[in-house]
Each structure stands twice: as C-alpha cells, then as structure tokens.
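Taking it in order: structure first as structure tokens, then the write-up.
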Amino acid sequence: MIGLKISNKKTNFIGLQTYSLLSMKSLVIIFLLLALTFYGFGQISPAFKTGFGYMYVFDEDPSISPDYHTVTGYPTFSVEKPFPIEIRLKKRLSINPGLAYYYFKEEREINKSDYNNDSKYSHQSVNGYVKVLYQAKFRGKTEAFIYGGGIGGLNFYTKAKGTKSVYGLSVEIPEYNVIVNENGSDFFPLFYYGVLAGLQPNARKYNFIKPSIEIAYYPGFVSKPKETSPISYNNINTVQITLFLGFRIK
C-alpha cells in the first residue's frame, strides 16, 4: 500500500512537471507569434492610435415643459492598437483592441404641486473593445483607404455621481437632497456593440502620423429610467464621430 501511494505521488509529480513544460512551451510559441506580428506589420502600420471624439445621443424626452429629463454626450477619448491581416495588395482585415473613456450628463426636473423631483448625474465609463475592420485602398497611387466593420465592448468600470431629491419622512422635511456616488450599471450596459465606417486620407505607409476619421453607431449604448412605477428603463442609441491620430514607431 505504501509503495502504491509513493508511486501515485511520483506519477502526479511527473504529470505536473510535464503539464508545466507544455504550458511554458505554449507561452513561448504565443510570444514568438506576437513578436513576429509586431515585426511584420508594426513597421508600416501605426503602432497605436489615439482618438478624440464626440458622442451624439438620440434621446427622446416625453416630458412637458417646464419638466425635462435629458441625457447629453460629451467628448470621448480612446487608444487602440491595429493588427492588420493582409489579404491582397489593396484589401486587408484589421483587428483593433483598445480602451475608451466616456462621459455623459443626465438631468431631470419634474415640478408638481406638492413636490419637486430633481436629479443631476454625471456618468463615466472606462471600457475595453475590439474592432474587426475590412479595409479597401483607393485605386491609383494614393495611399488613402476606406474601412468598415463591427465593434464589441465591455464596460468594466462605471460610475454615477450627482444629487437627487428624495421624499422626506416627516411634514417638517417633505423632501431632501441625497449625494449619489455609486456604480453606473443602470446607465451603462455590461456589453455593447455597434457598426462603424471610416476614412484614412492619403498618408503614406512610412509617415510618422496618420490621421483618420470614423463614425460609429451604437444601439442601446446607454439607458435612463422612465417615469413609471415600478421603474423601467429606456435604451438610448448613440452616434460617435472620432478623429484618430495614428503614430508609427520607427
């Protein structure tokens, strides 16, 4: 029995060593492939791209003046790394992982004879995304090309800050303001997706800076509560226009 136990332990130990060696080998292969990717494409494509954009919100406010409940988009910032995949001389695919920061404001004012229901929030999100793009170069000697594709992302950090009015529990204090500092998951969905199209003007392969402009459409990118009880939410579509600057590392 003792011999069997020792034998099992040795077998498990050898198995763990074999698994560790295979794992290390797999990691080495992955790093080599990544290095080849950077070497093969990074020299003629932007090492990374930074984007400055504006998010337009298709917000429909059913409130009757002077009441209102609005959501407003503000400038955005993003950074991404293109990984081109050559198909033919004038056409290629590109996979672009990246990070983005979004900022919105939500304001609500409902005036009734017996109370005011006001709230002012700032909503922020830091998210990761991946774009899958199809690129087509223009004919002739120009280096300009157009592209289009899809995007999917994950809001991994969200925050809602502001104030809101709350009913009081006594006649002396019918309502009071509460400071809000909480997770913004009610405003931002966990996952989002969209479609986009863009243009990179005539920037030659070896230029250090390569500008481009992009427009993206996101269905249900954010949401706001409806004036119902129990509370339900209205999904809001957005359009983002972004100016990108691509930087090539020599």
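All residue names refer to the structure tokens as shown: chains lettered A, B, ... in order, residues numbered from 1 in each chain, ligands numbered from 1 in order.
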Practice prompt. With a distance cut-off of 12 Å and only C-alpha atoms, select the neighbouring residues of Gly148 of chain A, excluding the residue or stretch itself and same-chain residues fewer than 4 positions from it, and output the selection as a list in words.
Written response: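 Non-adjacent residues within range: Lys91, Arg92, Leu93, Ser94, Ile95, Lys131, Val132, Leu133, Tyr134, Gln135, Ala136, Gly194, Val195, Leu196, Ala197, Gly198, Leu199, Gln200, Ile213, Glu214, Ile215, Ala216 and Tyr217 of chain A.
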Item to complete: Using DSSP on the backbone, list every residue of segment 39-248 of chain A that comes out as strand (DSSP E or B), and give them as number ranges by chain.
Response: A: 48-57, 68-73, 75-80, 83-86, 91-111, 116-137, 145-167, 175-182, 191-200, 209-225, 233-247
Item to complete: Give the answer as one residue: which of A:Val71, A:Val57, A:Ala144, A:Ile85 has the shortest atom-to-atom distance to Arg108 of chain A, using only C-alpha atoms?
Response: A:Val71
Give me, as a tab-separated table, the closest atom pair and its distance (Å, one decimal) for every residue of segment 66-124 of chain A within a cut-off of 10 Å of segment 183-193 of chain A, counting only C-alpha atoms, rows sorted by chain and rising number.
residue	atom	partner	partner_atom	distance
A:Phe104	CA	A:Phe187	CA	9.7
A:Glu106	CA	A:Phe187	CA	9.7
A:Ser122	CA	A:Gly184	CA	9.5
A:His123	CA	A:Gly184	CA	6.6
A:Gln124	CA	A:Gly184	CA	7.5
With N, CA and C atoms retained, write the just-selected residues as a PDB file, in the first residue's frame.
ATOM      1  N   PHE A 104     -21.063  61.218 -19.752  1.00  0.00           N
ATOM      2  CA  PHE A 104     -22.406  61.716 -20.072  1.00  0.00           C
ATOM      3  C   PHE A 104     -22.949  62.481 -18.866  1.00  0.00           C
ATOM      4  N   GLU A 106     -26.785  63.483 -17.103  1.00  0.00           N
ATOM      5  CA  GLU A 106     -28.223  63.233 -17.065  1.00  0.00           C
ATOM      6  C   GLU A 106     -28.861  64.230 -16.103  1.00  0.00           C
ATOM      7  N   SER A 122     -23.555  62.754 -13.303  1.00  0.00           N
ATOM      8  CA  SER A 122     -22.504  62.557 -14.308  1.00  0.00           C
ATOM      9  C   SER A 122     -22.220  61.062 -14.367  1.00  0.00           C
ATOM     10  N   HIS A 123     -22.211  60.511 -15.579  1.00  0.00           N
ATOM     11  CA  HIS A 123     -21.983  59.081 -15.780  1.00  0.00           C
ATOM     12  C   HIS A 123     -20.661  58.893 -16.516  1.00  0.00           C
ATOM     13  N   GLN A 124     -19.805  58.033 -15.973  1.00  0.00           N
ATOM     14  CA  GLN A 124     -18.496  57.796 -16.573  1.00  0.00           C
ATOM     15  C   GLN A 124     -18.275  56.301 -16.774  1.00  0.00           C
TER      16      GLN A 124
END
Item to complete: Tell me, as a list in words, which residues lie within 9 Å of Glu107 of chain A, counting only C-alpha atoms; anything in the same chain fewer than 6 positions away does not count.
Response: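 So, after excluding close chain neighbours, the residues are Tyr68, His69, Thr70, Val71, Thr72, Asp118, Ser119, Lys120, Tyr121 and Ser122 of chain A.
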Discussion item. For a quick check of understanding, using only C-alpha atoms, which of A:Gly98, A:Pro62, A:Pro82, A:Gly73 has the smallest distance to Ile110 of chain A?
Written reply: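 For Ile110 of chain A, the nearest of the candidates is A:Pro62.
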Worksheet entry | Residue neighbourhood segment 228-239 of chain A, 8 Å, only C-alpha atoms, exclusion window fewer than 4 positions, as a count of residues only | 15
Fill in: Shell around Ala100 of chain A at 10 Å using only C-alpha atoms, local window under 6 positions removed, as a VMD selection string
chain A and resid 50 to 52 76 to 80 125 to 129 153 155
Could the residues in this selection be saved with N, CA and C atoms as a PDB file, in the first residue's frame?
ATOM      1  N   THR A  50      -4.654  57.101 -31.220  1.00  0.00           N
ATOM      2  CA  THR A  50      -5.406  57.799 -30.185  1.00  0.00           C
ATOM      3  C   THR A  50      -6.572  58.522 -30.842  1.00  0.00           C
ATOM      4  N   GLY A  51      -7.740  58.441 -30.204  1.00  0.00           N
ATOM      5  CA  GLY A  51      -8.930  59.037 -30.782  1.00  0.00           C
ATOM      6  C   GLY A  51      -9.583  60.045 -29.859  1.00  0.00           C
ATOM      7  N   PHE A  52     -10.035  61.153 -30.436  1.00  0.00           N
ATOM      8  CA  PHE A  52     -10.789  62.179 -29.716  1.00  0.00           C
ATOM      9  C   PHE A  52     -12.114  62.354 -30.447  1.00  0.00           C
ATOM     10  N   THR A  76     -15.100  62.196 -25.972  1.00  0.00           N
ATOM     11  CA  THR A  76     -14.600  60.888 -25.571  1.00  0.00           C
ATOM     12  C   THR A  76     -13.115  60.770 -25.915  1.00  0.00           C
ATOM     13  N   PHE A  77     -12.477  59.797 -25.293  1.00  0.00           N
ATOM     14  CA  PHE A  77     -11.061  59.535 -25.571  1.00  0.00           C
ATOM     15  C   PHE A  77     -10.850  58.039 -25.687  1.00  0.00           C
ATOM     16  N   SER A  78     -10.015  57.626 -26.637  1.00  0.00           N
ATOM     17  CA  SER A  78      -9.741  56.205 -26.816  1.00  0.00           C
ATOM     18  C   SER A  78      -8.319  56.005 -27.327  1.00  0.00           C
ATOM     19  N   VAL A  79      -7.793  54.811 -27.106  1.00  0.00           N
ATOM     20  CA  VAL A  79      -6.493  54.412 -27.640  1.00  0.00           C
ATOM     21  C   VAL A  79      -6.594  52.954 -28.063  1.00  0.00           C
ATOM     22  N   GLU A  80      -6.039  52.628 -29.231  1.00  0.00           N
ATOM     23  CA  GLU A  80      -6.145  51.271 -29.744  1.00  0.00           C
ATOM     24  C   GLU A  80      -4.911  50.878 -30.525  1.00  0.00           C
ATOM     25  N   SER A 125     -17.551  55.974 -17.825  1.00  0.00           N
ATOM     26  CA  SER A 125     -17.247  54.568 -18.124  1.00  0.00           C
ATOM     27  C   SER A 125     -15.833  54.450 -18.679  1.00  0.00           C
ATOM     28  N   VAL A 126     -15.110  53.448 -18.201  1.00  0.00           N
ATOM     29  CA  VAL A 126     -13.858  53.001 -18.815  1.00  0.00           C
ATOM     30  C   VAL A 126     -14.123  51.599 -19.338  1.00  0.00           C
ATOM     31  N   ASN A 127     -13.896  51.396 -20.616  1.00  0.00           N
ATOM     32  CA  ASN A 127     -14.263  50.124 -21.224  1.00  0.00           C
ATOM     33  C   ASN A 127     -13.215  49.633 -22.204  1.00  0.00           C
ATOM     34  N   GLY A 128     -13.213  48.340 -22.419  1.00  0.00           N
ATOM     35  CA  GLY A 128     -12.356  47.728 -23.423  1.00  0.00           C
ATOM     36  C   GLY A 128     -13.182  47.260 -24.605  1.00  0.00           C
ATOM     37  N   TYR A 129     -12.607  47.319 -25.800  1.00  0.00           N
ATOM     38  CA  TYR A 129     -13.350  46.942 -27.002  1.00  0.00           C
ATOM     39  C   TYR A 129     -12.430  46.270 -28.012  1.00  0.00           C
ATOM     40  N   GLY A 153     -17.766  45.688 -27.101  1.00  0.00           N
ATOM     41  CA  GLY A 153     -17.033  46.173 -25.942  1.00  0.00           C
ATOM     42  C   GLY A 153     -17.626  45.735 -24.623  1.00  0.00           C
ATOM     43  N   ASN A 155     -18.021  47.290 -20.599  1.00  0.00           N
ATOM     44  CA  ASN A 155     -17.870  48.363 -19.613  1.00  0.00           C
ATOM     45  C   ASN A 155     -17.416  47.744 -18.283  1.00  0.00           C
TER      46      ASN A 155
END
Fill in: atom CA of Ile179 of chain A to atom CA of Asp61 of chain A, distance in Å rounded to a single decimal
24.4 Å
Discussion item. Please compute the atom CA of Val180 of chain A-atom CA of Gly152 of chain A distance, one decimal, in Å.
Written reply: 29.3 Å
Discussion item. Using Å and a single decimal, report how far atom CA of Phe244 of chain A sits from atom CA of Lys210 of chain A.
Written reply: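 Rounded to one decimal, the two atoms are 8.1 Å apart.
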Discussion item. With distances taken over only C-alpha atoms, which residue among A:Asn202, A:Ser212, A:Phe138, A:Glu227 lies nearest Ile241 of chain A?
Written reply: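 For Ile241 of chain A, the nearest of the given residues is A:Ser212.
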